[in-house]
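S.K.: Structure in C-alpha cells, see below.
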Amino acid sequence: MTLVATEIERPTRSIPEILQKTRVLLVGAFDDGLHAHTALRRRALERLGCRVSSFNLMSDGGWLSRLRRVGLHDRFARAMAQTAPAVVLVMEGSQIGAPLVAALRRLSDAVWVNWFCDGKRAPTSIEPLAAAYDAVFVAGSAAVDRLHAPGLPPARYLPPGCDPSVHRPMRSRDQFRANVVFAGTATPHRERLLSELVEFGLALWGPGWRKTKLRDYCRGELLDHGDYVRAYAGASVAVNVQCSP
C-alpha cells in the first residue's frame, strides 16, 4: 500500500471576507447600562464586514404598536421581512421561547444562532431554548459538555472579549477611586464573598446592592457603560465574581 500525502484544503478567504456584507439580525436587550454589551457586539460584527440590523427586546414597539396591540411575534416577523437576514443572532433571548422561534423560522431560510453570554446561566435553563436553534454559543466551557445531548444543536464555548476603544486605561477621580472594586448585579453569593473584602476598602457598583447588608459600600446602581469602565479603571484591585455555585 502506498501512502500519498495530500494537502488539506483550506478556505481561500479570511473570516472578514467570508462575513463581508452578510446580513445579520442581532436580537437582544439594548441600553447604555447593564445591556451595553449588546451594542458593542453589534459594532464588532460591523467591523467584520457584516450588515447588522437590531431588534431590541426591551422595546415594546412604541405607542403605535401598543395602540394596535402588536405582539412580539408580529414585530419580529416585520423586522425579518424588512431586513431579510442570512443569520439571526439572538443574545440570550429568554423572552423568545422555542415555539416562537419555530414559528419565525418558517418565514425565511436564515440560520438561527443563540449566544448565551451570561456566565451565571445554568445549562438546565439553556436546554429548553437551545433545541430551537441551529447552533448555540455559551460563556462557560463546563456548559459545553452538559449541552451535548440528543436533540440539541452543536454547542461551542465563546468567551467574552473587549473593545480596546472602550475598555481602556483611564484616569478616574472622586467617587470612582477605590482600593477594591466590584461592578455588577447583587446576588446572595456575591454578597457573601464580597463581605470578606470590606476591611480592604470595598466599593460596589450595580443594581441591587442598596437592598443588601453591603448597602453602605454601594457608590451607584444605574450606571452607563462608561461609568462601569471608570469604576474599574479607578480601582487598585478589581474583583470579578462571575458565577454562582
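Following the order of the C-alpha cells, first chain is A, next is B, and so on, with residues numbered from 1 inside each chain and ligands from 1 in the order they appear.
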Check the DSSP output for the backbone and give back, as a VMD selection string, the residues of region 29-195 of chain A in strand (DSSP E or B).
M.R.: chain A and resid 51 to 56 87 to 91 111 to 116 135 to 138 155 to 157 178 to 183
S.K.: Would you write out those residues with N, CA, C and O atoms, as a compact mmCIF listing (two decimals), in the first residue's frame?
M.R.:
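Generated file (result_9.txt):
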# COMPACT_ATOMS: atom_id res chain seq x y z
N ARG A 51 -23.50 43.33 7.68
CA ARG A 51 -24.54 44.37 7.62
C ARG A 51 -25.55 44.02 8.71
O ARG A 51 -26.36 43.10 8.56
N VAL A 52 -25.50 44.77 9.81
CA VAL A 52 -26.23 44.39 11.02
C VAL A 52 -27.46 45.27 11.22
O VAL A 52 -27.37 46.50 11.16
N SER A 53 -28.58 44.63 11.47
CA SER A 53 -29.79 45.31 11.92
C SER A 53 -30.10 44.82 13.33
O SER A 53 -29.73 43.70 13.70
N SER A 54 -30.76 45.65 14.12
CA SER A 54 -31.01 45.33 15.52
C SER A 54 -32.49 45.17 15.80
O SER A 54 -33.33 45.87 15.22
N PHE A 55 -32.78 44.25 16.71
CA PHE A 55 -34.14 44.09 17.24
C PHE A 55 -34.03 44.13 18.75
O PHE A 55 -33.43 43.25 19.36
N ASN A 56 -34.59 45.19 19.36
CA ASN A 56 -34.43 45.43 20.79
C ASN A 56 -35.55 44.74 21.57
O ASN A 56 -36.72 45.12 21.46
N VAL A 87 -28.48 35.52 8.83
CA VAL A 87 -28.25 34.98 10.17
C VAL A 87 -29.08 35.77 11.17
O VAL A 87 -29.08 37.01 11.14
N VAL A 88 -29.80 35.07 12.02
CA VAL A 88 -30.48 35.69 13.16
C VAL A 88 -29.67 35.31 14.40
O VAL A 88 -29.62 34.14 14.78
N LEU A 89 -29.03 36.29 15.00
CA LEU A 89 -28.18 36.06 16.17
C LEU A 89 -28.89 36.61 17.40
O LEU A 89 -29.06 37.82 17.54
N VAL A 90 -29.31 35.71 18.27
CA VAL A 90 -30.05 36.08 19.48
C VAL A 90 -29.10 36.07 20.66
O VAL A 90 -28.37 35.10 20.88
N MET A 91 -29.11 37.16 21.42
CA MET A 91 -28.31 37.24 22.64
C MET A 91 -29.20 36.87 23.82
O MET A 91 -30.05 37.65 24.24
N VAL A 111 -30.20 31.26 9.15
CA VAL A 111 -29.59 30.42 10.18
C VAL A 111 -29.83 31.09 11.53
O VAL A 111 -29.58 32.29 11.69
N TRP A 112 -30.30 30.31 12.49
CA TRP A 112 -30.61 30.85 13.82
C TRP A 112 -29.54 30.40 14.81
O TRP A 112 -29.26 29.21 14.96
N VAL A 113 -28.95 31.39 15.48
CA VAL A 113 -27.88 31.15 16.45
C VAL A 113 -28.20 31.88 17.74
O VAL A 113 -28.69 33.01 17.71
N ASN A 114 -27.94 31.24 18.87
CA ASN A 114 -28.11 31.90 20.16
C ASN A 114 -26.77 31.92 20.88
O ASN A 114 -26.09 30.90 20.97
N TRP A 115 -26.41 33.09 21.37
CA TRP A 115 -25.20 33.24 22.18
C TRP A 115 -25.64 33.50 23.62
O TRP A 115 -26.10 34.58 23.96
N PHE A 116 -25.53 32.46 24.44
CA PHE A 116 -25.86 32.59 25.86
C PHE A 116 -24.62 33.14 26.56
O PHE A 116 -23.76 32.39 27.04
N ALA A 135 -27.40 26.50 16.09
CA ALA A 135 -26.15 26.44 16.85
C ALA A 135 -26.28 27.34 18.06
O ALA A 135 -27.04 28.32 18.05
N VAL A 136 -25.54 27.00 19.11
CA VAL A 136 -25.53 27.84 20.31
C VAL A 136 -24.09 28.04 20.76
O VAL A 136 -23.23 27.18 20.57
N PHE A 137 -23.86 29.19 21.35
CA PHE A 137 -22.57 29.50 21.98
C PHE A 137 -22.83 29.81 23.44
O PHE A 137 -23.85 30.42 23.78
N VAL A 138 -21.92 29.39 24.30
CA VAL A 138 -22.08 29.60 25.74
C VAL A 138 -20.83 30.25 26.30
O VAL A 138 -19.74 30.15 25.72
N ALA A 155 -22.97 22.89 20.50
CA ALA A 155 -22.68 23.95 21.46
C ALA A 155 -21.19 24.24 21.44
O ALA A 155 -20.37 23.32 21.43
N ARG A 156 -20.84 25.51 21.43
CA ARG A 156 -19.44 25.92 21.39
C ARG A 156 -19.18 26.95 22.49
O ARG A 156 -20.05 27.75 22.83
N TYR A 157 -17.97 26.91 23.00
CA TYR A 157 -17.54 27.88 24.02
C TYR A 157 -17.08 29.16 23.33
O TYR A 157 -16.20 29.13 22.47
N ALA A 178 -11.03 53.85 44.36
CA ALA A 178 -11.25 52.93 45.48
C ALA A 178 -10.15 51.88 45.49
O ALA A 178 -9.49 51.63 44.47
N ASN A 179 -9.96 51.27 46.66
CA ASN A 179 -8.96 50.21 46.77
C ASN A 179 -9.41 48.94 46.05
O ASN A 179 -8.67 48.35 45.26
N VAL A 180 -10.63 48.49 46.38
CA VAL A 180 -11.16 47.25 45.82
C VAL A 180 -12.53 47.54 45.22
O VAL A 180 -13.39 48.13 45.88
N VAL A 181 -12.75 47.13 43.98
CA VAL A 181 -13.99 47.45 43.27
C VAL A 181 -14.61 46.19 42.69
O VAL A 181 -13.92 45.34 42.12
N PHE A 182 -15.94 46.10 42.85
CA PHE A 182 -16.72 45.12 42.10
C PHE A 182 -17.87 45.85 41.44
O PHE A 182 -18.59 46.62 42.09
N ALA A 183 -18.09 45.60 40.15
CA ALA A 183 -19.20 46.20 39.41
C ALA A 183 -20.05 45.08 38.83
O ALA A 183 -19.56 44.27 38.05
S.K.: Counting only C-alpha atoms, figure out which residue out of A:Ala235, A:Ala131, A:Ala29, A:Cys117 gets nearest to Asp174 (chain A).
M.R.: A:Ala235
S.K.: Measuring between only C-alpha atoms, which one of A:Met58, A:Leu204, A:Leu193, A:Ala39 shows the shortest distance to Leu223 (chain A)?
M.R.: A:Leu204
S.K.: Mind listing the helix (DSSP H, G or I) residues of region 9-233 of chain A, per DSSP on the backbone, as number ranges by chain?
M.R.: A: 15-19, 36-47, 62-68, 72-83, 98-105, 123-130, 141-146, 174-176, 188-200, 209-211, 215-217, 225-233
S.K.: Residues at most 12 Å from His167 (chain A), counting only C-alpha atoms, excluding those fewer than 2 positions away in the same chain, as a PyMOL selection string?
M.R.: chain A and resi 37+40+161-165+169-170+225-233
S.K.: Could you give me, as a PyMOL selection string, the residues within 12 Å of Thr124 (chain A), counting only C-alpha atoms and dropping anything in the same chain fewer than 6 positions from it?
M.R.: chain A and resi 130+143-144+146-147+149
S.K.: Got time to write the residues from that selection, C-alpha atoms, as a CSV table (one decimal), in the first residue's frame?
M.R.:
chain,number,residue,atom,x,y,z
A,130,ALA,CA,-31.3,25.7,22.6
A,143,ALA,CA,-21.7,24.1,30.0
A,144,VAL,CA,-20.5,22.8,26.6
A,146,ARG,CA,-23.5,19.3,29.6
A,147,LEU,CA,-25.2,20.5,26.4
A,149,ALA,CA,-27.4,15.6,24.2
S.K.: Go through A:Arg192, A:Asp134, A:Arg168, A:Gln82 and flag the residue nearest Leu152 (chain A), using only C-alpha atoms for the distances.
M.R.: A:Asp134
S.K.: Interatomic distance between CA of Pro159 (chain A) and CA of Arg190 (chain A)?
M.R.: 21.0 Å
S.K.: Which value, in Å to one decimal, gives the distance between CA of Val198 (chain A) and CA of Ala36 (chain A)?
M.R.: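 CA of Ala36 (chain A) lies 28.4 Å from CA of Val198 (chain A).
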S.K.: Quick one: pull the distance between CA of Glu46 (chain A) and CA of Pro160 (chain A), Å, one decimal.
M.R.: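 For CA of Glu46 (chain A) relative to CA of Pro160 (chain A), the distance reads 17.0 Å.
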S.K.: Do you know which residues are at most 9 Å from Ala132 (chain A) counting only C-alpha atoms, after dropping those on the same chain fewer than 6 positions away, and could you put them as an MDAnalysis selection string?
M.R.: chainID A and resid 97:99 101:102 112 152:153
